[in-house]
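Enquirer: Structure: protein26.txt, compact mmCIF, C-alpha atoms.
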# COMPACT_ATOMS: atom_id res chain seq x y z
CA MET M 20 0.00 0.00 0.00
CA THR M 21 2.95 2.31 0.49
CA PHE M 22 3.68 2.18 -3.24
CA LEU M 23 0.07 3.08 -4.08
CA SER M 24 0.20 5.95 -1.60
CA TYR M 25 3.33 7.31 -3.30
CA LEU M 26 1.66 6.82 -6.68
CA VAL M 27 -1.35 8.89 -5.67
CA SER M 28 0.91 11.60 -4.21
CA GLY M 29 2.94 11.66 -7.42
CA LEU M 30 -0.16 11.93 -9.59
CA SER M 31 -1.52 14.72 -7.39
CA LEU M 32 1.71 16.73 -7.50
CA GLY M 33 2.10 15.97 -11.20
CA SER M 34 -1.45 17.22 -11.84
CA ILE M 35 -0.54 20.59 -10.30
CA TYR M 36 2.59 20.76 -12.47
CA ALA M 37 0.51 19.79 -15.51
CA ILE M 38 -2.06 22.56 -14.94
CA ILE M 39 0.73 25.14 -14.60
CA ALA M 40 2.60 23.71 -17.59
CA LEU M 41 -0.51 24.05 -19.75
CA GLY M 42 -0.33 27.82 -19.25
CA TYR M 43 3.34 27.89 -20.24
CA THR M 44 2.85 25.70 -23.29
CA MET M 45 -0.23 27.57 -24.59
CA VAL M 46 1.52 30.94 -24.45
CA TYR M 47 4.68 29.55 -26.06
CA GLY M 48 2.79 27.62 -28.70
CA ILE M 49 0.79 30.66 -29.83
CA ALA M 50 2.83 33.75 -28.91
CA LYS M 51 6.25 32.02 -29.18
CA MET M 52 7.41 33.53 -25.89
CA LEU M 53 8.31 32.19 -22.45
CA ASN M 54 6.21 33.89 -19.78
CA PHE M 55 8.43 33.49 -16.72
CA ALA M 56 5.98 35.63 -14.72
CA HIS M 57 3.52 32.71 -14.87
CA GLY M 58 4.76 31.29 -11.55
CA ASP M 59 4.00 34.58 -9.82
CA VAL M 60 0.46 34.63 -11.21
CA ILE M 61 0.07 31.30 -9.38
CA MET M 62 1.10 33.06 -6.16
CA ILE M 63 -1.41 35.89 -6.76
CA GLY M 64 -4.15 33.29 -7.24
CA GLY M 65 -3.27 31.75 -3.88
CA TYR M 66 -3.36 35.12 -2.14
CA MET M 67 -6.72 36.04 -3.69
CA SER M 68 -8.26 32.82 -2.41
CA PHE M 69 -6.64 33.41 1.01
CA VAL M 70 -8.05 36.94 1.24
CA ALA M 71 -11.52 35.77 0.18
CA THR M 72 -11.71 32.96 2.73
CA ALA M 73 -9.68 34.34 5.67
CA HIS M 74 -10.66 38.03 5.55
CA LEU M 75 -13.94 38.25 3.63
CA GLY M 76 -15.43 34.99 4.89
CA TRP M 77 -16.39 33.80 1.42
CA PRO M 78 -17.12 30.12 0.73
CA PRO M 79 -14.33 28.06 -0.95
CA LEU M 80 -15.88 27.98 -4.43
CA ALA M 81 -16.37 31.75 -4.45
CA SER M 82 -12.73 32.24 -3.44
CA VAL M 83 -11.59 30.07 -6.37
CA LEU M 84 -13.76 32.06 -8.78
CA LEU M 85 -12.34 35.33 -7.40
CA ALA M 86 -8.78 34.02 -7.85
CA MET M 87 -9.56 33.01 -11.44
CA LEU M 88 -11.15 36.38 -12.21
CA VAL M 89 -8.28 38.42 -10.73
CA CYS M 90 -5.60 36.30 -12.40
CA THR M 91 -7.39 36.37 -15.76
CA VAL M 92 -7.53 40.17 -15.67
CA LEU M 93 -3.94 40.32 -14.42
CA GLY M 94 -2.74 38.07 -17.25
CA VAL M 95 -4.43 40.21 -19.90
CA VAL M 96 -3.07 43.43 -18.36
CA ILE M 97 0.46 42.00 -18.25
CA GLU M 98 0.18 40.91 -21.88
CA GLN M 99 -1.15 44.30 -23.02
CA LEU M 100 1.32 46.45 -21.07
CA ALA M 101 4.50 44.37 -21.04
CA TYR M 102 4.43 41.94 -23.97
CA LYS M 103 2.26 43.43 -26.72
CA PRO M 104 4.66 46.37 -27.39
CA LEU M 105 7.43 43.78 -27.90
CA ARG M 106 5.73 41.71 -30.63
CA ALA M 107 8.50 42.47 -33.12
CA ALA M 108 11.31 42.68 -30.56
CA PRO M 109 14.07 40.07 -30.22
CA SER M 110 13.21 37.12 -27.98
CA LEU M 111 15.87 38.17 -25.46
CA ALA M 112 14.05 41.48 -24.85
CA VAL M 113 10.78 39.61 -24.20
CA LEU M 114 12.55 37.20 -21.85
CA ILE M 115 14.11 40.03 -19.82
CA THR M 116 10.73 41.77 -19.65
CA ALA M 117 9.10 38.57 -18.37
CA ILE M 118 11.72 38.31 -15.61
CA GLY M 119 11.09 41.97 -14.74
CA VAL M 120 7.34 41.36 -14.48
CA SER M 121 8.06 38.38 -12.22
CA TYR M 122 10.14 40.50 -9.84
CA PHE M 123 7.49 43.23 -9.89
CA LEU M 124 4.73 40.79 -8.85
CA GLN M 125 6.88 39.25 -6.11
CA ASN M 126 7.78 42.64 -4.63
CA ALA M 127 4.20 43.89 -4.91
CA ALA M 128 3.11 40.83 -2.92
CA LEU M 129 5.82 41.59 -0.33
CA LEU M 130 4.52 45.15 0.08
CA ILE M 131 0.87 44.10 0.34
CA TRP M 132 1.09 40.88 2.38
CA SER M 133 4.65 41.04 3.82
CA SER M 134 7.13 38.16 3.78
CA ASN M 135 5.52 36.37 6.73
CA PRO M 136 4.13 32.95 5.77
CA LYS M 137 0.34 32.73 5.77
CA SER M 138 -1.48 29.60 6.89
CA PHE M 139 -3.74 28.64 4.01
CA THR M 140 -7.01 26.83 4.72
CA SER M 141 -7.75 24.22 2.08
CA VAL M 142 -10.65 25.03 -0.23
CA VAL M 143 -11.35 21.28 -0.50
CA ARG M 144 -13.31 20.25 2.57
CA LEU M 145 -14.48 16.78 1.66
CA PRO M 146 -13.75 13.59 3.60
CA SER M 147 -10.78 11.48 2.58
CA LEU M 148 -11.36 8.35 0.52
CA LYS M 149 -10.39 5.11 2.26
CA LEU M 150 -9.73 1.96 0.23
CA PHE M 151 -8.72 -1.63 1.06
CA ASP M 152 -10.33 -1.55 4.52
CA GLY M 153 -8.60 1.69 5.40
CA GLN M 154 -5.10 0.57 4.39
CA LEU M 155 -4.95 3.21 1.65
CA THR M 156 -6.18 6.75 2.36
CA ILE M 157 -6.49 9.25 -0.48
CA SER M 158 -6.91 12.82 0.67
CA SER M 159 -9.75 14.82 -0.83
CA VAL M 160 -7.26 17.45 -2.04
CA ALA M 161 -5.29 14.85 -4.01
CA LEU M 162 -8.45 13.40 -5.53
CA VAL M 163 -9.88 16.79 -6.51
CA THR M 164 -6.52 17.88 -7.94
CA ILE M 165 -6.28 14.82 -10.19
CA LEU M 166 -9.89 15.11 -11.33
CA ALA M 167 -9.51 18.85 -11.96
CA CYS M 168 -6.43 18.23 -14.10
CA VAL M 169 -8.23 15.61 -16.19
CA ALA M 170 -11.27 17.89 -16.61
CA ILE M 171 -9.04 20.81 -17.64
CA ILE M 172 -7.14 18.82 -20.27
CA ILE M 173 -10.43 17.52 -21.72
CA GLY M 174 -11.90 21.04 -21.75
CA LEU M 175 -8.81 22.56 -23.34
CA THR M 176 -8.66 19.85 -25.99
CA PHE M 177 -12.30 20.56 -26.87
CA ILE M 178 -11.71 24.33 -27.02
CA ILE M 179 -8.61 24.01 -29.20
CA SER M 180 -10.09 21.48 -31.63
CA LYS M 181 -13.80 22.40 -31.82
CA THR M 182 -14.33 26.11 -31.14
CA LYS M 183 -13.77 29.19 -33.28
CA ILE M 184 -11.24 30.71 -30.88
CA GLY M 185 -9.43 27.37 -30.75
CA LYS M 186 -9.11 27.31 -34.53
CA ALA M 187 -7.81 30.88 -34.39
CA MET M 188 -5.22 29.81 -31.81
CA ARG M 189 -4.04 26.97 -34.03
CA ALA M 190 -3.83 29.30 -37.02
CA VAL M 191 -1.83 31.94 -35.12
CA SER M 192 0.44 29.21 -33.80
CA GLU M 193 1.21 28.03 -37.34
CA ASP M 194 1.71 31.42 -38.99
CA LYS M 195 0.77 34.81 -37.51
CA ALA M 196 1.05 36.70 -40.80
CA ALA M 197 -1.07 34.21 -42.75
CA ALA M 198 -3.65 34.11 -39.94
CA GLN M 199 -3.93 37.90 -40.01
CA LEU M 200 -4.40 37.86 -43.79
CA MET M 201 -7.29 35.42 -43.28
CA GLY M 202 -9.04 37.91 -41.01
CA ILE M 203 -7.98 36.54 -37.61
CA ASN M 204 -7.32 39.14 -34.92
CA VAL M 205 -3.87 37.99 -33.80
CA ASN M 206 -3.60 40.37 -30.84
CA GLN M 207 -7.01 39.35 -29.50
CA THR M 208 -6.16 35.67 -29.90
CA ILE M 209 -2.94 36.08 -27.93
CA SER M 210 -4.80 38.02 -25.21
CA VAL M 211 -7.36 35.21 -24.91
CA THR M 212 -4.50 32.72 -24.62
CA PHE M 213 -2.98 34.71 -21.76
CA ALA M 214 -6.40 34.92 -20.11
CA ILE M 215 -6.90 31.14 -20.24
CA GLY M 216 -3.34 30.44 -19.07
CA SER M 217 -3.70 32.87 -16.14
CA ALA M 218 -7.05 31.35 -15.11
CA LEU M 219 -5.36 27.94 -15.06
CA ALA M 220 -2.54 29.44 -12.96
CA ALA M 221 -5.14 30.61 -10.42
CA ILE M 222 -6.61 27.11 -10.16
CA ALA M 223 -3.13 25.63 -9.79
CA GLY M 224 -2.25 28.19 -7.11
CA VAL M 225 -5.34 27.37 -5.03
CA LEU M 226 -4.77 23.60 -5.37
CA LEU M 227 -1.05 23.99 -4.57
CA CYS M 228 -1.78 25.97 -1.40
CA SER M 229 -4.50 23.48 -0.42
CA ALA M 230 -2.00 20.61 -0.70
CA TYR M 231 0.91 22.52 0.89
CA PRO M 232 -0.84 25.10 3.14
CA ILE M 233 1.91 27.71 3.47
CA LEU M 234 1.52 30.87 1.38
CA MET M 235 4.40 33.32 0.70
CA PRO M 236 5.35 35.76 -2.09
CA THR M 237 7.77 33.11 -3.39
CA THR M 238 5.18 30.31 -3.30
CA GLY M 239 4.91 29.99 -7.08
CA ALA M 240 8.61 30.32 -7.89
CA MET M 241 9.80 26.71 -7.58
CA PRO M 242 6.55 25.08 -8.81
CA GLY M 243 6.68 27.49 -11.75
CA ILE M 244 10.21 26.42 -12.64
CA LYS M 245 9.32 22.74 -12.30
CA ALA M 246 6.17 23.18 -14.38
CA PHE M 247 8.25 24.87 -17.08
CA THR M 248 10.55 21.86 -16.88
CA ALA M 249 7.48 19.62 -17.29
CA ALA M 250 6.41 21.60 -20.37
CA VAL M 251 9.87 21.20 -21.91
CA PHE M 252 9.96 17.56 -20.83
CA GLY M 253 6.69 16.79 -22.61
CA GLY M 254 7.38 19.07 -25.58
CA ILE M 255 6.71 22.78 -25.10
CA GLY M 256 3.91 23.94 -27.34
CA SER M 257 2.10 20.59 -27.05
CA ILE M 258 -0.93 20.44 -24.74
CA PRO M 259 -0.83 16.63 -24.37
CA GLY M 260 2.94 16.96 -23.84
CA ALA M 261 2.41 19.42 -20.95
CA PHE M 262 -0.13 17.05 -19.40
CA TRP M 263 2.01 13.92 -19.56
CA GLY M 264 5.19 15.85 -18.77
CA GLY M 265 3.62 17.23 -15.58
CA LEU M 266 2.39 13.82 -14.45
CA LEU M 267 5.74 12.16 -15.14
CA LEU M 268 7.62 14.93 -13.35
CA GLY M 269 5.41 14.60 -10.27
CA LEU M 270 5.86 10.82 -10.18
CA ILE M 271 9.64 11.09 -10.63
CA GLU M 272 9.89 13.66 -7.83
CA ILE M 273 7.77 11.72 -5.32
CA PHE M 274 9.37 8.33 -6.02
CA GLY M 275 12.82 9.94 -6.01
CA LYS M 276 12.15 11.36 -2.54
CA ALA M 277 10.68 8.06 -1.30
CA TYR M 278 13.22 5.58 -2.62
CA ILE M 279 16.44 7.52 -3.27
CA SER M 280 16.88 10.80 -1.38
CA THR M 281 14.78 13.80 -0.42
CA GLN M 282 17.83 16.03 -0.88
CA LEU M 283 18.57 14.72 -4.37
CA SER M 284 15.01 14.61 -5.71
CA ASP M 285 15.32 17.88 -7.63
CA ALA M 286 18.70 16.83 -9.05
CA ILE M 287 17.13 13.54 -10.21
CA VAL M 288 14.27 15.41 -11.92
CA PHE M 289 16.55 17.77 -13.84
CA SER M 290 19.03 14.99 -14.68
CA ILE M 291 16.25 12.96 -16.30
CA LEU M 292 15.16 16.08 -18.19
CA ILE M 293 18.69 16.50 -19.58
CA LEU M 294 18.82 12.84 -20.63
CA VAL M 295 15.44 13.08 -22.38
CA LEU M 296 16.44 16.25 -24.23
CA LEU M 297 19.70 14.65 -25.35
CA VAL M 298 17.68 11.87 -26.98
CA ARG M 299 14.64 13.96 -28.02
CA PRO M 300 15.49 17.70 -28.10
CA THR M 301 11.85 18.58 -28.81
CA GLY M 302 10.60 16.69 -25.74
CA LEU M 303 8.59 13.50 -25.50
CA MET M 304 5.67 14.72 -27.63
CA GLY M 305 7.13 17.77 -29.35
CA ARG M 306 7.18 18.17 -33.12
CA LYS M 307 10.38 18.51 -35.08
CA ILE M 308 10.02 21.51 -37.39
CA SER M 309 12.32 21.96 -40.37
CA GLU M 310 13.24 25.49 -41.40
CA LYS M 311 14.59 26.66 -44.72
CA VAL M 312 17.65 28.90 -44.50
Would you mind writing the structure in this file as structure tokens?
Expert:
Amino acid sequence: MTFLSYLVSGLSLGSIYAIIALGYTMVYGIAKMLNFAHGDVIMIGGYMSFVATAHLGWPPLASVLLAMLVCTVLGVVIEQLAYKPLRAAPSLAVLITAIGVSYFLQNAALLIWSSNPKSFTSVVRLPSLKLFDGQLTISSVALVTILACVAIIIGLTFIISKTKIGKAMRAVSEDKAAAQLMGINVNQTISVTFAIGSALAAIAGVLLCSAYPILMPTTGAMPGIKAFTAAVFGGIGSIPGAFWGGLLLGLIEIFGKAYISTQLSDAIVFSILILVLLVRPTGLMGRKISEKV
């Protein structure tokens, strides 16, 4: 039963990484930029839920909706103010801007909420699931996290493949100039992508703080880096790749801590990433694109 317990923990942690990685991979796949401020949007989502439940007395679901709303608006504002003016700029300029936005959000959180850790009350208040006559206990947070991740990947797949905005996203991802000639509003499509990615970051932030109930301005930093690793691992730009990459990363981290070393778990994760990229530079599910020069 210990193995199954570790498996559930790995899937739960991997589901959080997958939800965050979906935001990274959508933005990169469509806007061709790495939004390193994404991890800090996760932190803002956690704080919004904390404020709603601890200070305003709102019910858990309302706090999640508030976090999603605030992060969606924040993502669009960041895209409009920081990234839209750099559409034609070199990728290095966009990368530096993203790092600057990340530092801005972290320091804004420090000024508003201070550096003191906040005790986060889980928004999932369901009883744990007990299997095999109580030998295996699955926490309600782990179960909800896994189910939420599956629901999100199904919803995103439907949006991308069946809806008008999804078709516009695919067109912009393939060729921005050609999409614009066909009447697609490229700027609006990119803004919608940021909005969806930021809403997912809010959900991930709330689930992350529910599973690990300590909230700080740096809460999203390490999960953000690991989720970016998961996106690269699975093939950045690929939604299924982000999903499977996140799950695999969570399993590797949990089993590495359980059976090898808690101190070396991060080193194991990044070492496996390097090995995978040496064999498949585009990631497990990434596409190899040939360019004419």
Enquirer: Given the choices M:Leu268, M:Ala220, M:Ile118, M:Val83, which gets closest to M:Ala71 if the distance is worked out from only C-alpha atoms?
Expert: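 For M:Ala71, the nearest of the given residues is M:Val83.
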Enquirer: Just checking: using only C-alpha atoms, which residue out of M:Gly253, M:Gly119, M:Pro136, M:Gly64 ends up closest to M:Ile97?
Expert: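 Among the listed residues, the smallest separation from M:Ile97 belongs to M:Gly119.
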Enquirer: Report the distance between atom CA of M:Ser28 and atom CA of M:Thr72 in Å, rounded to one decimal place.
Expert: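 Atom-to-atom, atom CA of M:Ser28 to atom CA of M:Thr72, that is 25.8 Å.
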Enquirer: Between M:Ala250, M:Leu114, M:Ala86, M:Val163, which one has atoms that come closest to M:Phe55, using only C-alpha atoms?
Expert: M:Leu114
Enquirer: Identify which of the residues M:Val120, M:Ile258, M:Leu294, M:Gly58 lies closest to M:Ile171, counting only C-alpha atoms when measuring atom-to-atom distances.
Expert: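 The closest residue to M:Ile171 is M:Ile258.
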Enquirer: With all atoms listed in the file as the counted atoms, please give the residues lying no more than 12 Å from M:Ala277, apart from itself and same-chain residues fewer than 5 positions off, as a list in words.
Expert: Thr21, Phe22, Ser24, Tyr25, Leu26, Ser28, Gly29, Leu270, Ile271, Glu272, Gln282, Leu283 and Ser284 of chain M
Enquirer: Find the residue from M:Leu41, M:Leu296, M:Ile255, M:Val60 that sits nearest to M:Met87; use all atoms listed in the file when measuring.
Expert: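 The answer is M:Val60, which sits nearest to M:Met87.
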Enquirer: Please return as a ChimeraX atom specification every residue within 12 Å of (-8.4, 37.0, 3.3), taking into account all atoms listed in the file and the file's own coordinates.
Expert: /M:64-79,82,85-86,132,137-140,234
Enquirer: Please measure the separation of atom CA of M:Val92 and atom CA of M:Ala240, giving the value in Å to one decimal.
Expert: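 Here the two named atoms are 20.4 Å from each other.
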Enquirer: Please determine, counting only C-alpha atoms, which residue among M:Gly33, M:Pro259, M:Gly94, M:Gly153 has the shortest atom-to-atom distance to M:Ile179.
Expert: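 With only C-alpha atoms as the atom set, the closest residue is M:Pro259.
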Enquirer: Between atom CA of M:Ser159 and atom CA of M:Arg144, measure the distance and give it in Å to one decimal.
Expert: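 The value is 7.3 Å.
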Enquirer: Skip M:Leu30 itself and residues of its chain fewer than 2 positions away, then list as a short mmCIF file (atom, residue, chain, number, x, y, z; two decimals) with C-alpha atoms, in the frame of the given file all residues within 12 Å of it, counting all atoms listed in the file.
Expert:
data_model
loop_
_atom_site.label_atom_id
_atom_site.label_comp_id
_atom_site.auth_asym_id
_atom_site.auth_seq_id
_atom_site.Cartn_x
_atom_site.Cartn_y
_atom_site.Cartn_z
CA LEU M 23 0.07 3.08 -4.08
CA SER M 24 0.20 5.95 -1.60
CA TYR M 25 3.33 7.31 -3.30
CA LEU M 26 1.66 6.82 -6.68
CA VAL M 27 -1.35 8.89 -5.67
CA SER M 28 0.91 11.60 -4.21
CA LEU M 32 1.71 16.73 -7.50
CA GLY M 33 2.10 15.97 -11.20
CA SER M 34 -1.45 17.22 -11.84
CA ILE M 35 -0.54 20.59 -10.30
CA TYR M 36 2.59 20.76 -12.47
CA ALA M 37 0.51 19.79 -15.51
CA ILE M 157 -6.49 9.25 -0.48
CA VAL M 160 -7.26 17.45 -2.04
CA ALA M 161 -5.29 14.85 -4.01
CA LEU M 162 -8.45 13.40 -5.53
CA VAL M 163 -9.88 16.79 -6.51
CA THR M 164 -6.52 17.88 -7.94
CA ILE M 165 -6.28 14.82 -10.19
CA LEU M 166 -9.89 15.11 -11.33
CA ALA M 167 -9.51 18.85 -11.96
CA CYS M 168 -6.43 18.23 -14.10
CA VAL M 169 -8.23 15.61 -16.19
CA PHE M 262 -0.13 17.05 -19.40
CA TRP M 263 2.01 13.92 -19.56
CA GLY M 264 5.19 15.85 -18.77
CA GLY M 265 3.62 17.23 -15.58
CA LEU M 266 2.39 13.82 -14.45
CA LEU M 267 5.74 12.16 -15.14
CA LEU M 268 7.62 14.93 -13.35
CA GLY M 269 5.41 14.60 -10.27
CA LEU M 270 5.86 10.82 -10.18
CA ILE M 271 9.64 11.09 -10.63
CA GLU M 272 9.89 13.66 -7.83
CA ILE M 273 7.77 11.72 -5.32
CA PHE M 274 9.37 8.33 -6.02
#
Enquirer: Env of M:Arg106: 10 Å cut, atoms = only C-alpha atoms, seq-sep filter 3 positions within chain, self excluded. Answer as JSON, numbers by chain.
Expert: {"M": [50, 51, 52, 102, 103, 109, 110, 113, 206]}
Enquirer: Step by step: start from the point (-2.2, 39.8, -21.2) in the file's coordinates, keep every protein, DNA or RNA residue that has an atom no farther than 9 Å from it, count only C-alpha atoms, and write the set as a PyMOL selection string.
Expert: chain M and resi 91-103+209-214+217
Enquirer: If you keep C-alpha atoms, can you produce a file of those selected residues as a PDB file, keeping the file's coordinate frame?
Expert:
ATOM      1  CA  THR M  91      -7.390  36.370 -15.760  1.00  0.00           C
ATOM      2  CA  VAL M  92      -7.530  40.170 -15.670  1.00  0.00           C
ATOM      3  CA  LEU M  93      -3.940  40.320 -14.420  1.00  0.00           C
ATOM      4  CA  GLY M  94      -2.740  38.070 -17.250  1.00  0.00           C
ATOM      5  CA  VAL M  95      -4.430  40.210 -19.900  1.00  0.00           C
ATOM      6  CA  VAL M  96      -3.070  43.430 -18.360  1.00  0.00           C
ATOM      7  CA  ILE M  97       0.460  42.000 -18.250  1.00  0.00           C
ATOM      8  CA  GLU M  98       0.180  40.910 -21.880  1.00  0.00           C
ATOM      9  CA  GLN M  99      -1.150  44.300 -23.020  1.00  0.00           C
ATOM     10  CA  LEU M 100       1.320  46.450 -21.070  1.00  0.00           C
ATOM     11  CA  ALA M 101       4.500  44.370 -21.040  1.00  0.00           C
ATOM     12  CA  TYR M 102       4.430  41.940 -23.970  1.00  0.00           C
ATOM     13  CA  LYS M 103       2.260  43.430 -26.720  1.00  0.00           C
ATOM     14  CA  ILE M 209      -2.940  36.080 -27.930  1.00  0.00           C
ATOM     15  CA  SER M 210      -4.800  38.020 -25.210  1.00  0.00           C
ATOM     16  CA  VAL M 211      -7.360  35.210 -24.910  1.00  0.00           C
ATOM     17  CA  THR M 212      -4.500  32.720 -24.620  1.00  0.00           C
ATOM     18  CA  PHE M 213      -2.980  34.710 -21.760  1.00  0.00           C
ATOM     19  CA  ALA M 214      -6.400  34.920 -20.110  1.00  0.00           C
ATOM     20  CA  SER M 217      -3.700  32.870 -16.140  1.00  0.00           C
TER      21      SER M 217
END
Enquirer: Tell me which protein, DNA and RNA residues are within 7 Å of M:Phe247, counting all atoms listed in the file, leaving out same-chain ones fewer than 3 positions away, and put them as a list in words.
Expert: Ala40, Tyr43, Gly243, Ile244, Ala250 and Val251 of chain M
